[in-house]
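Printed here is coords-v4.cif (mmCIF, C-alpha atoms and all ligand atoms):
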data_model
#
loop_
_atom_site.label_atom_id
_atom_site.label_comp_id
_atom_site.auth_asym_id
_atom_site.auth_seq_id
_atom_site.Cartn_x
_atom_site.Cartn_y
_atom_site.Cartn_z
CA MET C 1 -76.71 38.65 50.27
CA THR C 2 -75.80 36.45 53.24
CA VAL C 3 -77.17 32.93 52.75
CA LYS C 4 -78.28 30.79 55.68
CA PRO C 5 -79.80 27.30 55.59
CA LYS C 6 -83.60 27.17 55.76
CA ILE C 7 -84.49 23.58 56.47
CA ARG C 8 -88.08 22.42 55.97
CA GLY C 9 -88.55 18.73 56.74
CA PHE C 10 -86.29 16.75 54.41
CA ILE C 11 -85.10 19.64 52.29
CA CYS C 12 -83.28 22.89 52.59
CA THR C 13 -84.93 25.68 50.60
CA THR C 14 -81.75 27.75 50.25
CA ALA C 15 -78.35 26.86 48.81
CA HIS C 16 -74.94 28.50 49.11
CA PRO C 17 -73.20 29.18 45.79
CA ASP C 18 -69.65 29.33 47.19
CA GLY C 19 -70.21 26.26 49.35
CA CYS C 20 -71.59 24.25 46.40
CA ARG C 21 -68.59 25.38 44.34
CA ALA C 22 -66.14 24.31 47.06
CA ILE C 23 -67.78 20.88 47.38
CA VAL C 24 -67.78 20.31 43.59
CA GLY C 25 -64.13 21.44 43.62
CA SER C 26 -63.26 18.92 46.33
CA GLN C 27 -64.95 16.09 44.37
CA ILE C 28 -62.91 17.08 41.31
CA GLY C 29 -59.80 17.13 43.52
CA TYR C 30 -60.55 13.57 44.64
CA VAL C 31 -60.77 12.29 41.05
CA LYS C 32 -57.66 14.17 39.91
CA LYS C 33 -55.73 12.49 42.73
CA ALA C 34 -57.27 9.06 42.13
CA GLY C 35 -55.91 8.97 38.60
CA LYS C 36 -56.91 8.43 34.99
CA ILE C 37 -59.39 5.81 33.80
CA ASN C 38 -59.39 4.34 30.33
CA GLY C 39 -63.11 4.98 29.98
CA PRO C 40 -65.77 6.70 27.89
CA LYS C 41 -65.08 9.91 25.99
CA LYS C 42 -68.53 11.37 25.36
CA VAL C 43 -70.97 10.97 28.20
CA LEU C 44 -74.60 11.96 28.70
CA VAL C 45 -75.66 12.20 32.35
CA ILE C 46 -79.41 12.38 33.00
CA GLY C 47 -79.99 13.79 36.50
CA ALA C 48 -76.56 15.40 36.65
CA SER C 49 -76.89 18.11 39.27
CA MET C 50 -76.87 16.33 42.64
CA GLY C 51 -75.85 13.13 44.39
CA TYR C 52 -74.81 10.15 42.31
CA GLY C 53 -75.46 11.85 38.94
CA LEU C 54 -73.23 14.83 39.73
CA ALA C 55 -70.48 12.53 41.02
CA SER C 56 -70.81 10.37 37.87
CA ARG C 57 -70.34 13.45 35.69
CA ILE C 58 -67.27 14.53 37.67
CA ALA C 59 -65.76 11.01 37.57
CA ALA C 60 -66.35 10.74 33.80
CA ALA C 61 -64.99 14.20 33.04
CA TYR C 62 -61.97 14.19 35.31
CA GLY C 63 -61.26 10.45 35.43
CA CYS C 64 -61.79 9.68 31.74
CA GLY C 65 -61.31 13.14 30.21
CA ALA C 66 -64.85 12.83 28.83
CA ALA C 67 -66.93 15.53 27.24
CA THR C 68 -70.17 15.63 29.23
CA ILE C 69 -73.71 16.77 28.59
CA GLY C 70 -75.75 17.00 31.77
CA VAL C 71 -79.53 17.03 31.98
CA ILE C 72 -80.74 18.86 35.06
CA PHE C 73 -84.04 20.21 36.36
CA ASP C 74 -83.02 23.19 38.45
CA LYS C 75 -84.00 26.73 39.26
CA PRO C 76 -81.74 29.75 38.77
CA GLY C 77 -81.31 32.31 41.53
CA SER C 78 -81.55 36.10 41.49
CA GLU C 79 -80.02 38.96 43.49
CA THR C 80 -82.50 38.25 46.28
CA LYS C 81 -83.19 34.52 46.04
CA THR C 82 -80.85 31.55 45.95
CA ALA C 83 -80.86 29.06 43.09
CA SER C 84 -81.37 25.36 43.77
CA ALA C 85 -78.21 23.57 44.90
CA GLY C 86 -78.12 21.60 41.65
CA TRP C 87 -77.99 24.85 39.70
CA TYR C 88 -74.95 26.06 41.67
CA ASN C 89 -73.28 22.63 41.42
CA THR C 90 -73.72 22.66 37.65
CA ALA C 91 -72.50 26.24 37.31
CA ALA C 92 -69.40 25.34 39.29
CA PHE C 93 -68.81 22.08 37.44
CA GLU C 94 -68.97 23.78 34.04
CA GLU C 95 -66.72 26.60 35.19
CA PHE C 96 -64.06 24.14 36.45
CA ALA C 97 -64.42 21.88 33.41
CA HIS C 98 -64.09 24.73 30.90
CA ALA C 99 -61.04 26.09 32.74
CA ASP C 100 -59.51 22.60 32.47
CA GLY C 101 -60.25 22.36 28.74
CA LEU C 102 -63.12 19.87 29.06
CA TYR C 103 -66.30 20.13 27.00
CA ALA C 104 -69.33 20.48 29.33
CA LYS C 105 -72.80 21.64 28.40
CA THR C 106 -76.10 21.40 30.21
CA VAL C 107 -79.76 21.11 29.26
CA ASN C 108 -82.16 22.33 31.95
CA GLY C 109 -85.69 20.91 31.90
CA ASP C 110 -87.84 17.89 32.64
CA ALA C 111 -85.86 14.81 31.56
CA PHE C 112 -89.11 12.82 31.34
CA SER C 113 -90.39 15.05 28.52
CA SER C 114 -89.92 14.37 24.82
CA GLY C 115 -88.97 18.06 24.28
CA ILE C 116 -85.86 17.70 26.46
CA LYS C 117 -84.94 14.40 24.78
CA GLU C 118 -85.12 16.17 21.39
CA GLN C 119 -83.06 19.10 22.68
CA VAL C 120 -80.35 16.74 23.95
CA ILE C 121 -80.30 14.79 20.68
CA GLU C 122 -79.83 18.04 18.71
CA LEU C 123 -77.00 19.09 21.02
CA ILE C 124 -75.23 15.72 20.67
CA LYS C 125 -75.57 15.89 16.87
CA LYS C 126 -74.22 19.41 16.77
CA ASP C 127 -71.34 19.09 19.22
CA LEU C 128 -70.36 15.46 19.81
CA GLY C 129 -71.78 13.37 16.98
CA LYS C 130 -72.46 10.39 19.25
CA VAL C 131 -72.18 9.50 22.94
CA ASP C 132 -70.50 6.34 24.20
CA MET C 133 -71.97 6.29 27.70
CA VAL C 134 -75.36 7.28 29.14
CA ILE C 135 -75.79 7.54 32.90
CA TYR C 136 -79.38 7.56 34.10
CA SER C 137 -79.52 8.96 37.65
CA LEU C 138 -82.95 10.49 38.10
CA ALA C 139 -84.57 10.49 41.52
CA ALA C 140 -87.90 12.20 41.10
CA PRO C 141 -91.13 12.44 43.06
CA ARG C 142 -93.32 12.58 39.94
CA ARG C 143 -93.37 12.12 36.19
CA THR C 144 -95.65 13.56 33.54
CA THR C 145 -95.94 11.15 30.61
CA SER C 146 -96.42 12.25 26.99
CA ASP C 147 -100.22 11.92 27.26
CA GLY C 148 -100.22 14.46 30.11
CA THR C 149 -100.83 11.96 32.95
CA VAL C 150 -99.00 12.82 36.17
CA TYR C 151 -97.72 9.85 38.20
CA SER C 152 -96.45 10.33 41.78
CA SER C 153 -94.12 7.87 43.46
CA VAL C 154 -94.69 6.79 47.06
CA LEU C 155 -92.35 5.34 49.69
CA LYS C 156 -94.58 2.68 51.20
CA THR C 157 -94.54 -1.03 51.90
CA THR C 158 -96.26 -3.59 49.73
CA GLY C 159 -98.54 -6.11 51.42
CA LYS C 160 -98.68 -5.15 55.07
CA GLU C 161 -97.98 -2.30 57.46
CA PHE C 162 -94.44 -2.10 58.86
CA THR C 163 -93.23 -0.52 62.09
CA ASN C 164 -89.61 0.07 62.99
CA LYS C 165 -87.26 2.60 64.54
CA THR C 166 -86.75 5.95 62.88
CA ILE C 167 -84.92 9.14 63.73
CA ASP C 168 -85.66 12.83 63.64
CA VAL C 169 -82.22 13.86 62.39
CA ARG C 170 -82.62 17.43 63.62
CA SER C 171 -83.41 16.57 67.26
CA GLY C 172 -81.70 13.16 67.40
CA GLU C 173 -84.90 11.72 68.86
CA ILE C 174 -85.56 8.06 68.06
CA SER C 175 -89.16 6.94 67.78
CA GLU C 176 -91.17 4.37 65.88
CA ALA C 177 -92.51 4.93 62.38
CA THR C 178 -95.35 2.94 60.92
CA ILE C 179 -95.41 2.75 57.16
CA SER C 180 -98.67 1.87 55.49
CA PRO C 181 -98.93 -0.40 52.45
CA ALA C 182 -99.20 1.13 48.99
CA THR C 183 -102.27 0.44 46.89
CA GLU C 184 -101.80 -1.28 43.51
CA THR C 185 -102.39 2.13 41.87
CA GLU C 186 -99.64 3.71 43.98
CA ILE C 187 -97.22 0.87 43.15
CA PHE C 188 -98.03 1.24 39.46
CA ALA C 189 -97.36 4.99 39.66
CA THR C 190 -94.08 4.49 41.56
CA VAL C 191 -92.90 2.07 38.85
CA LYS C 192 -93.86 4.65 36.21
CA VAL C 193 -91.71 7.29 37.92
CA MET C 194 -88.73 5.33 39.23
CA GLY C 195 -88.80 2.21 37.04
CA GLY C 196 -87.08 1.79 33.70
CA GLU C 197 -89.69 3.00 31.21
CA ASP C 198 -88.23 6.47 30.75
CA TRP C 199 -84.66 5.09 30.68
CA LYS C 200 -85.63 2.84 27.79
CA GLU C 201 -87.35 5.76 26.03
CA TRP C 202 -84.11 7.75 26.28
CA ILE C 203 -81.93 4.97 24.88
CA GLY C 204 -84.48 4.20 22.15
CA ALA C 205 -84.61 7.88 21.15
CA LEU C 206 -80.80 8.18 21.10
CA ARG C 207 -80.53 4.99 19.01
CA SER C 208 -83.25 6.08 16.54
CA ALA C 209 -81.50 9.42 16.06
CA ASP C 210 -78.18 7.57 15.58
CA VAL C 211 -76.43 9.56 18.32
CA ILE C 212 -75.25 6.60 20.42
CA GLU C 213 -72.11 4.63 19.56
CA ASP C 214 -72.17 0.91 18.85
CA GLY C 215 -70.89 -0.77 22.00
CA ALA C 216 -72.06 2.12 24.21
CA VAL C 217 -72.74 1.45 27.86
CA THR C 218 -75.70 2.77 29.83
CA VAL C 219 -76.08 2.47 33.58
CA ALA C 220 -78.88 3.28 36.04
CA TYR C 221 -78.70 3.15 39.83
CA SER C 222 -80.43 1.00 42.40
CA TYR C 223 -80.32 0.02 46.06
CA ILE C 224 -80.92 -3.24 47.92
CA GLY C 225 -79.77 -2.83 51.54
CA PRO C 226 -80.04 -5.09 54.60
CA GLU C 227 -83.12 -6.89 55.91
CA MET C 228 -84.14 -4.23 58.43
CA THR C 229 -84.85 -1.84 55.53
CA HIS C 230 -86.36 -4.40 53.14
CA PRO C 231 -90.03 -3.73 53.97
CA ILE C 232 -89.61 -0.03 53.17
CA TYR C 233 -87.06 -0.32 50.37
CA LYS C 234 -86.31 -3.59 48.58
CA ASP C 235 -89.76 -5.09 49.16
CA GLY C 236 -91.55 -1.72 49.19
CA SER C 237 -93.06 0.33 46.37
CA ILE C 238 -89.64 1.77 45.44
CA GLY C 239 -88.21 -1.78 45.31
CA ARG C 240 -90.86 -2.70 42.74
CA ALA C 241 -89.66 0.22 40.63
CA LYS C 242 -86.06 -0.94 41.05
CA ASP C 243 -87.04 -4.48 39.96
CA HIS C 244 -88.51 -2.90 36.85
CA LEU C 245 -85.30 -0.93 36.33
CA ALA C 246 -83.24 -4.15 36.52
CA ALA C 247 -85.58 -5.92 34.07
CA THR C 248 -85.32 -2.89 31.77
CA ALA C 249 -81.51 -3.17 31.70
CA LYS C 250 -81.88 -6.69 30.29
CA GLU C 251 -84.54 -5.51 27.85
CA ILE C 252 -82.43 -2.60 26.57
CA THR C 253 -79.44 -4.89 26.02
CA ARG C 254 -81.66 -7.42 24.24
CA SER C 255 -83.74 -5.08 22.13
CA ILE C 256 -81.64 -2.00 21.38
CA ASP C 257 -78.80 -2.87 19.03
CA GLY C 258 -75.27 -2.09 20.14
CA VAL C 259 -76.13 -0.87 23.66
CA ASN C 260 -75.17 -2.68 26.88
CA ALA C 261 -77.30 -1.67 29.83
CA TYR C 262 -76.49 -2.27 33.50
CA VAL C 263 -77.91 -1.49 36.89
CA SER C 264 -75.39 -0.57 39.55
CA VAL C 265 -76.46 -1.19 43.15
CA ASN C 266 -74.91 1.66 45.09
CA LYS C 267 -74.21 2.33 48.74
CA ALA C 268 -76.78 4.10 50.96
CA LEU C 269 -75.70 7.72 51.26
CA VAL C 270 -77.21 11.00 52.37
CA THR C 271 -78.76 12.64 49.31
CA GLN C 272 -81.85 14.73 48.82
CA SER C 273 -83.83 11.63 47.88
CA SER C 274 -82.62 9.20 50.58
CA ALA C 275 -83.33 11.82 53.27
CA ALA C 276 -87.03 11.53 52.44
CA ILE C 277 -87.29 7.77 53.08
CA PRO C 278 -88.56 6.86 56.57
CA ILE C 279 -86.26 4.59 58.67
CA VAL C 280 -83.38 4.85 56.16
CA PRO C 281 -81.73 7.96 57.74
CA LEU C 282 -81.28 6.06 61.03
CA TYR C 283 -79.77 3.12 59.16
CA ILE C 284 -77.44 5.50 57.27
CA SER C 285 -76.25 7.21 60.48
CA ILE C 286 -75.39 3.81 61.99
CA LEU C 287 -73.79 2.64 58.75
CA TYR C 288 -71.63 5.78 58.59
CA LYS C 289 -70.38 5.15 62.12
CA VAL C 290 -69.57 1.49 61.43
CA MET C 291 -67.96 2.06 58.02
CA LYS C 292 -65.95 5.07 59.21
CA ASP C 293 -64.70 3.12 62.25
CA MET C 294 -63.65 0.28 59.92
CA GLY C 295 -62.01 2.64 57.41
CA LEU C 296 -64.48 1.59 54.69
CA HIS C 297 -66.61 4.71 54.27
CA GLU C 298 -67.16 6.11 50.79
CA GLY C 299 -69.18 9.10 49.53
CA CYS C 300 -70.79 9.57 46.10
CA ILE C 301 -67.55 10.52 44.38
CA GLU C 302 -65.56 7.55 45.71
CA GLN C 303 -68.39 5.23 44.64
CA MET C 304 -68.69 6.70 41.15
CA TYR C 305 -64.93 6.69 40.58
CA ARG C 306 -64.82 3.02 41.59
CA LEU C 307 -67.80 2.27 39.32
CA LEU C 308 -65.96 3.54 36.26
CA ALA C 309 -62.42 2.53 37.17
CA GLU C 310 -63.05 -0.95 38.55
CA LYS C 311 -66.52 -2.18 37.74
CA ILE C 312 -67.23 -1.01 34.18
CA TYR C 313 -63.97 0.00 32.50
CA GLY C 314 -61.38 -2.02 34.43
CA GLY C 315 -61.40 -4.98 32.00
CA THR C 316 -64.71 -6.86 31.72
CA VAL C 317 -67.82 -5.43 33.39
CA LYS C 318 -68.07 -6.96 36.87
CA THR C 319 -71.54 -8.13 37.86
CA ASP C 320 -73.05 -10.58 40.33
CA GLU C 321 -74.99 -13.72 39.36
CA ASN C 322 -78.06 -11.56 38.61
CA GLY C 323 -76.17 -9.27 36.26
CA LEU C 324 -76.06 -6.40 38.79
CA ILE C 325 -72.97 -4.28 39.42
CA ARG C 326 -72.40 -4.31 43.20
CA LEU C 327 -70.92 -1.06 44.45
CA ASP C 328 -72.64 -1.86 47.74
CA ASP C 329 -70.08 -4.65 48.22
CA LEU C 330 -68.46 -2.94 51.21
CA GLU C 331 -71.78 -1.88 52.80
CA MET C 332 -73.13 -5.43 52.52
CA ARG C 333 -70.02 -7.15 53.95
CA ASP C 334 -71.02 -9.57 56.72
CA ASP C 335 -68.81 -7.89 59.34
CA VAL C 336 -70.30 -4.46 58.52
CA GLN C 337 -73.90 -5.68 58.62
CA GLU C 338 -73.38 -7.70 61.84
CA LYS C 339 -72.14 -4.57 63.59
CA VAL C 340 -74.96 -2.42 62.14
CA GLY C 341 -77.51 -5.02 63.26
CA GLU C 342 -76.15 -5.12 66.84
CA ILE C 343 -76.32 -1.33 67.07
CA TRP C 344 -79.78 -1.21 65.49
CA ASN C 345 -81.15 -3.46 68.24
CA SER C 346 -79.71 -1.41 71.09
CA ILE C 347 -79.89 2.17 69.82
CA SER C 348 -82.10 4.72 71.59
CA SER C 349 -82.32 8.49 71.98
CA GLY C 350 -80.10 8.12 75.07
CA ASN C 351 -77.11 6.45 73.39
CA ILE C 352 -77.40 7.91 69.87
CA SER C 353 -74.15 9.89 70.00
CA GLU C 354 -72.03 6.79 70.78
CA CYS C 355 -73.96 4.46 68.47
CA ALA C 356 -74.45 6.48 65.28
CA ASP C 357 -72.67 9.15 63.29
CA LEU C 358 -75.48 11.68 63.46
CA ASP C 359 -73.02 14.58 63.13
CA GLY C 360 -71.69 13.00 59.93
CA TYR C 361 -75.24 12.58 58.64
CA ARG C 362 -76.13 16.20 59.43
CA LYS C 363 -72.90 17.47 57.89
CA ASP C 364 -73.51 15.54 54.67
CA PHE C 365 -77.09 16.82 54.58
CA ASN C 366 -75.96 20.43 54.99
CA ARG C 367 -73.28 19.92 52.35
CA LEU C 368 -75.92 18.86 49.81
CA PHE C 369 -76.95 22.52 49.82
CA GLY C 370 -73.47 24.02 50.04
CA PHE C 371 -73.40 24.51 53.81
CA ASP C 372 -70.69 23.14 56.14
CA ALA C 373 -68.04 23.33 53.38
CA ASP C 374 -64.48 23.90 54.55
CA GLY C 375 -63.01 27.37 54.08
CA ILE C 376 -66.26 29.23 53.32
CA ASP C 377 -67.19 32.37 55.25
CA TYR C 378 -70.92 31.93 55.73
CA GLU C 379 -71.26 35.42 57.25
CA ALA C 380 -69.96 37.07 54.09
CA ASP C 381 -72.09 38.55 51.32
CA THR C 382 -72.27 36.32 48.28
CA ASP C 383 -73.58 36.66 44.74
CA THR C 384 -76.61 34.40 44.43
CA ALA C 385 -77.35 35.21 40.74
CA VAL C 386 -74.74 32.80 39.39
CA GLY C 387 -75.19 31.68 35.77
CA ILE C 388 -74.48 28.27 34.24
CA PRO C 389 -71.96 29.14 31.49
CA SER C 390 -73.50 27.00 28.72
CA LEU C 391 -77.00 28.30 29.48
CA THR C 392 -76.17 31.99 29.39
P1 LIG C 401 -80.46 13.08 44.16
O1 LIG C 401 -81.76 13.61 44.66
O2 LIG C 401 -79.22 13.53 44.84
O3 LIG C 401 -80.29 13.38 42.60
C1 LIG C 401 -81.31 13.21 41.69
C2 LIG C 401 -81.05 14.07 40.47
O4 LIG C 401 -82.14 13.93 39.56
C3 LIG C 401 -80.97 15.58 40.82
O5 LIG C 401 -79.91 16.15 40.10
C4 LIG C 401 -82.31 16.09 40.34
O6 LIG C 401 -82.29 17.46 39.99
C5 LIG C 401 -82.52 15.21 39.10
N1 LIG C 401 -83.90 15.20 38.64
C6 LIG C 401 -85.01 14.87 39.33
N2 LIG C 401 -86.10 14.95 38.54
C7 LIG C 401 -85.66 15.35 37.31
C8 LIG C 401 -86.30 15.59 36.07
N3 LIG C 401 -87.61 15.46 35.95
N4 LIG C 401 -85.53 16.00 35.04
C9 LIG C 401 -84.19 16.16 35.16
N5 LIG C 401 -83.52 15.91 36.32
C10 LIG C 401 -84.25 15.52 37.37
O7 LIG C 401 -80.61 11.51 44.22
P2 LIG C 401 -79.55 10.32 44.28
O8 LIG C 401 -79.63 9.74 45.65
O9 LIG C 401 -78.26 10.69 43.71
O10 LIG C 401 -80.30 9.28 43.34
C11 LIG C 401 -79.90 8.97 42.01
C12 LIG C 401 -80.17 7.51 41.75
O11 LIG C 401 -79.34 6.73 42.63
C13 LIG C 401 -81.61 7.09 42.03
O12 LIG C 401 -81.99 6.12 41.10
C14 LIG C 401 -81.51 6.46 43.41
O13 LIG C 401 -82.55 5.54 43.67
C15 LIG C 401 -80.16 5.79 43.30
N6 LIG C 401 -79.52 5.40 44.56
C16 LIG C 401 -79.44 6.27 45.60
C17 LIG C 401 -78.85 5.85 46.80
C18 LIG C 401 -78.75 6.75 48.00
O14 LIG C 401 -78.53 6.26 49.10
N7 LIG C 401 -78.86 8.05 47.83
C19 LIG C 401 -78.34 4.54 46.91
C20 LIG C 401 -78.39 3.71 45.81
C21 LIG C 401 -79.01 4.14 44.64
#
Take the structure in this file and express it as structure tokens.
Ligand code: NAD
Amino acid sequence: MTVKPKIRGFICTTAHPDGCRAIVGSQIGYVKKAGKINGPKKVLVIGASMGYGLASRIAAAYGCGAATIGVIFDKPGSETKTASAGWYNTAAFEEFAHADGLYAKTVNGDAFSSGIKEQVIELIKKDLGKVDMVIYSLAAPRRTTSDGTVYSSVLKTTGKEFTNKTIDVRSGEISEATISPATETEIFATVKVMGGEDWKEWIGALRSADVIEDGAVTVAYSYIGPEMTHPIYKDGSIGRAKDHLAATAKEITRSIDGVNAYVSVNKALVTQSSAAIPIVPLYISILYKVMKDMGLHEGCIEQMYRLLAEKIYGGTVKTDENGLIRLDDLEMRDDVQEKVGEIWNSISSGNISECADLDGYRKDFNRLFGFDADGIDYEADTDTAVGIPSLT
């Protein structure tokens, strides 16, 4: 069938298999060119099908030559319906990896569940023995805990209402968004979903089953950002979850023998999850413009390659005074933020095209779902019933 984008709010409900394959291929091409890293050899990536998790898997496999197991939560396609983009990304990644002689297997299911944890542990025992790195890159709207309770995360402020500029990325219209404060119950639920509890459960389960090496590293991802986004991010309900994640890193290192846990603070980028946060897409479009003009722009793959090559495996692990790895070092540079701040104050619907990289934002959004990839004929018929090799 011919596949066209069907965008509904912050997501696209279709995905293009050939486009996803081409984009995964170009990320692999980036790492092959960037060179080898003396890094981990057996890596588990939880949340491996999109965004930072997918890029982490590619950087580990192609940078370090690592065997990878990816945990994903994706839907297959059929002759008449497209799969989720993460499904196509994973199918393509495995296909490339196997052709290049790299071990790559995938477990598809809810990473929060104990059933999937057990399945992964069995797979590690059978195929790899132990893993030496665990990347935790889940971005989820909800979590069902083992007692059956469903927690939903919210993107709200804490304390008081907050109003600031926002953008409709489709129309380019700038307006004001008012974000209401989360209740204590909503904050609690957001911490349950996006905090560190499940990360610690994973590492505890891997340790108890003796499938994690002594001296293994585990990393989860966070964001801080500049002041204009603090009420909605750093000081918002999601920020509370990220504080919990950072505290969990310290707790894992302290309480789980032989495992060193870190939180890496990454750059703001267009992904399925960041697109859903009010105000942030406008900030990202301005940031893209400023960082591209200054020659400092990076995407997920550049960030994840740098994380492994320079921050974690390039000698000692590089952290700030709070123990956080700062991959947002370029984003947070004073000269970058001064420029972003100036633009933020003067931007309007009338000057958006000169002030922000809205085209770059839209292109990156389309590319999340395999659209806007170079060299793909989007008018051509394509096979949407693509299988993931290790799952067929
Ligand atoms: P993303 O939406 O691109 O990827 C999230 C991944 O998690 C997807 O592969 C999704 O399928 C998977 N997932 C979700 N629920 C799952 C479940 N129950 N079981 C298994 N897999 C599941 O998001 P992202 O932006 O790459 O976010 C990853 C992490 O990076 C998050 O912690 C996020 O807060 C953080 N981060 C993101 C940004 C950004 O700007 N995008 C910046 C800094 C940090």
If the limit is 6 Å from any atom of ligand LIG 401 (chain C), counting all atoms listed in the file, which residues qualify? Return them as a VMD selection string.
chain C and resid 47 to 53 71 to 74 86 109 to 112 137 to 140 221 to 223 265 to 274
Range 98-100 of chain C environment, 12 Å, all atoms listed in the file, sequence neighbours closer than 6 positions dropped, as a ChimeraX atom specification:
/C:28,32,61-62,65-68,90-92,388-390
So that I have them on file, write out the residues from the current selection with C-alpha atoms, as an mmCIF file, in the coordinates of the input.
data_model
loop_
_atom_site.group_PDB
_atom_site.id
_atom_site.type_symbol
_atom_site.label_atom_id
_atom_site.label_comp_id
_atom_site.auth_asym_id
_atom_site.auth_seq_id
_atom_site.Cartn_x
_atom_site.Cartn_y
_atom_site.Cartn_z
ATOM 1 C CA ILE C 28 -62.910 17.080 41.310
ATOM 2 C CA LYS C 32 -57.660 14.170 39.910
ATOM 3 C CA ALA C 61 -64.990 14.200 33.040
ATOM 4 C CA TYR C 62 -61.970 14.190 35.310
ATOM 5 C CA GLY C 65 -61.310 13.140 30.210
ATOM 6 C CA ALA C 66 -64.850 12.830 28.830
ATOM 7 C CA ALA C 67 -66.930 15.530 27.240
ATOM 8 C CA THR C 68 -70.170 15.630 29.230
ATOM 9 C CA THR C 90 -73.720 22.660 37.650
ATOM 10 C CA ALA C 91 -72.500 26.240 37.310
ATOM 11 C CA ALA C 92 -69.400 25.340 39.290
ATOM 12 C CA ILE C 388 -74.480 28.270 34.240
ATOM 13 C CA PRO C 389 -71.960 29.140 31.490
ATOM 14 C CA SER C 390 -73.500 27.000 28.720
#
So that I can see what lies close to range 276-279 of chain C, please list as a count of residues only the residues with an atom at most 12 Å from it, counting only C-alpha atoms and leaving out residues fewer than 6 positions away in the same chain.
44
Nearest residue to Asp132 in chain C out of C:Pro40, C:Gly77, C:Gly341, C:Gly172, using only C-alpha atoms?
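The closest residue to Asp132 in chain C is C:Pro40.
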Can you tell me, as JSON, numbers by chain, which residues sit within 9 Å of (-76.7, -4.8, 36.2) in the file's frame, using only C-alpha atoms?
{"C": [219, 220, 221, 246, 249, 250, 261, 262, 263, 264, 265, 318, 319, 320, 322, 323, 324, 325, 326]}
Report as a ChimeraX atom specification all protein, DNA and RNA residues lying within 12 Å of range 289-296 of chain C, evaluated on only C-alpha atoms, omitting residues in the same chain fewer than 6 positions from it.
/C:267-269,282-283,302-303,328-333,335-344,352-361
Would you mind reading off the distance between CA of Cys20 in chain C and CA of Val3 in chain C, one decimal, in Å?
12.1 Å
Extract, using all atoms listed in the file, all DNA, RNA and protein residues at most 10 Å from Asp198 in chain C, discarding same-chain residues fewer than 4 positions from it, and format them as a VMD selection string.
chain C and resid 111 to 113 136 138 143 145 192 to 194 202 to 204 245 248
Please save C-alpha atoms of the selected residues as an mmCIF file, in the coordinates of the input.
data_model
loop_
_atom_site.group_PDB
_atom_site.id
_atom_site.type_symbol
_atom_site.label_atom_id
_atom_site.label_comp_id
_atom_site.auth_asym_id
_atom_site.auth_seq_id
_atom_site.Cartn_x
_atom_site.Cartn_y
_atom_site.Cartn_z
ATOM 1 C CA ALA C 111 -85.860 14.810 31.560
ATOM 2 C CA PHE C 112 -89.110 12.820 31.340
ATOM 3 C CA SER C 113 -90.390 15.050 28.520
ATOM 4 C CA TYR C 136 -79.380 7.560 34.100
ATOM 5 C CA LEU C 138 -82.950 10.490 38.100
ATOM 6 C CA ARG C 143 -93.370 12.120 36.190
ATOM 7 C CA THR C 145 -95.940 11.150 30.610
ATOM 8 C CA LYS C 192 -93.860 4.650 36.210
ATOM 9 C CA VAL C 193 -91.710 7.290 37.920
ATOM 10 C CA MET C 194 -88.730 5.330 39.230
ATOM 11 C CA TRP C 202 -84.110 7.750 26.280
ATOM 12 C CA ILE C 203 -81.930 4.970 24.880
ATOM 13 C CA GLY C 204 -84.480 4.200 22.150
ATOM 14 C CA LEU C 245 -85.300 -0.930 36.330
ATOM 15 C CA THR C 248 -85.320 -2.890 31.770
#
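Remark: for Lys363 in chain C, the closest of the candidate residues C:Leu206, C:Ala309, C:Arg170, C:Tyr88 is C:Arg170 (distances computed over all atoms listed in the file).
Selection around (-77.6, 6.9, 30.5) with radius 7 Å, counting only C-alpha atoms, yields the residues Leu44, Val45, Ile46, Met133, Val134, Ile135, Tyr136, Thr218, Val219 and Ala220 of chain C.
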Skipping near chain neighbours, those fewer than 5 positions away, what residues fall within 9 Å of Ile312 in chain C using all atoms listed in the file, listed as a list of chain:residue names?
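Near neighbours after the sequence-gap exclusion: C:Gly39, C:Val217, C:Arg306, C:Leu307, C:Val317, C:Lys318, C:Ile325.
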Rank nothing, just name the residue among C:Ile69, C:Cys64, C:Leu54, C:Val120 nearest to Lys105 in chain C, using all atoms listed in the file.
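Ranked by minimum distance to Lys105 in chain C, first place goes to C:Ile69.
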Please indicate the distance in Å from CA of Tyr151 in chain C to CA of Glu251 in chain C, rounded to one decimal place.
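Between CA of Tyr151 in chain C and CA of Glu251 in chain C the gap works out to 22.7 Å.
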Work out how far apart CA of Ser346 in chain C and CA of Lys234 in chain C are and give it in Å to one decimal.
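For CA of Ser346 in chain C relative to CA of Lys234 in chain C, the distance reads 23.6 Å.
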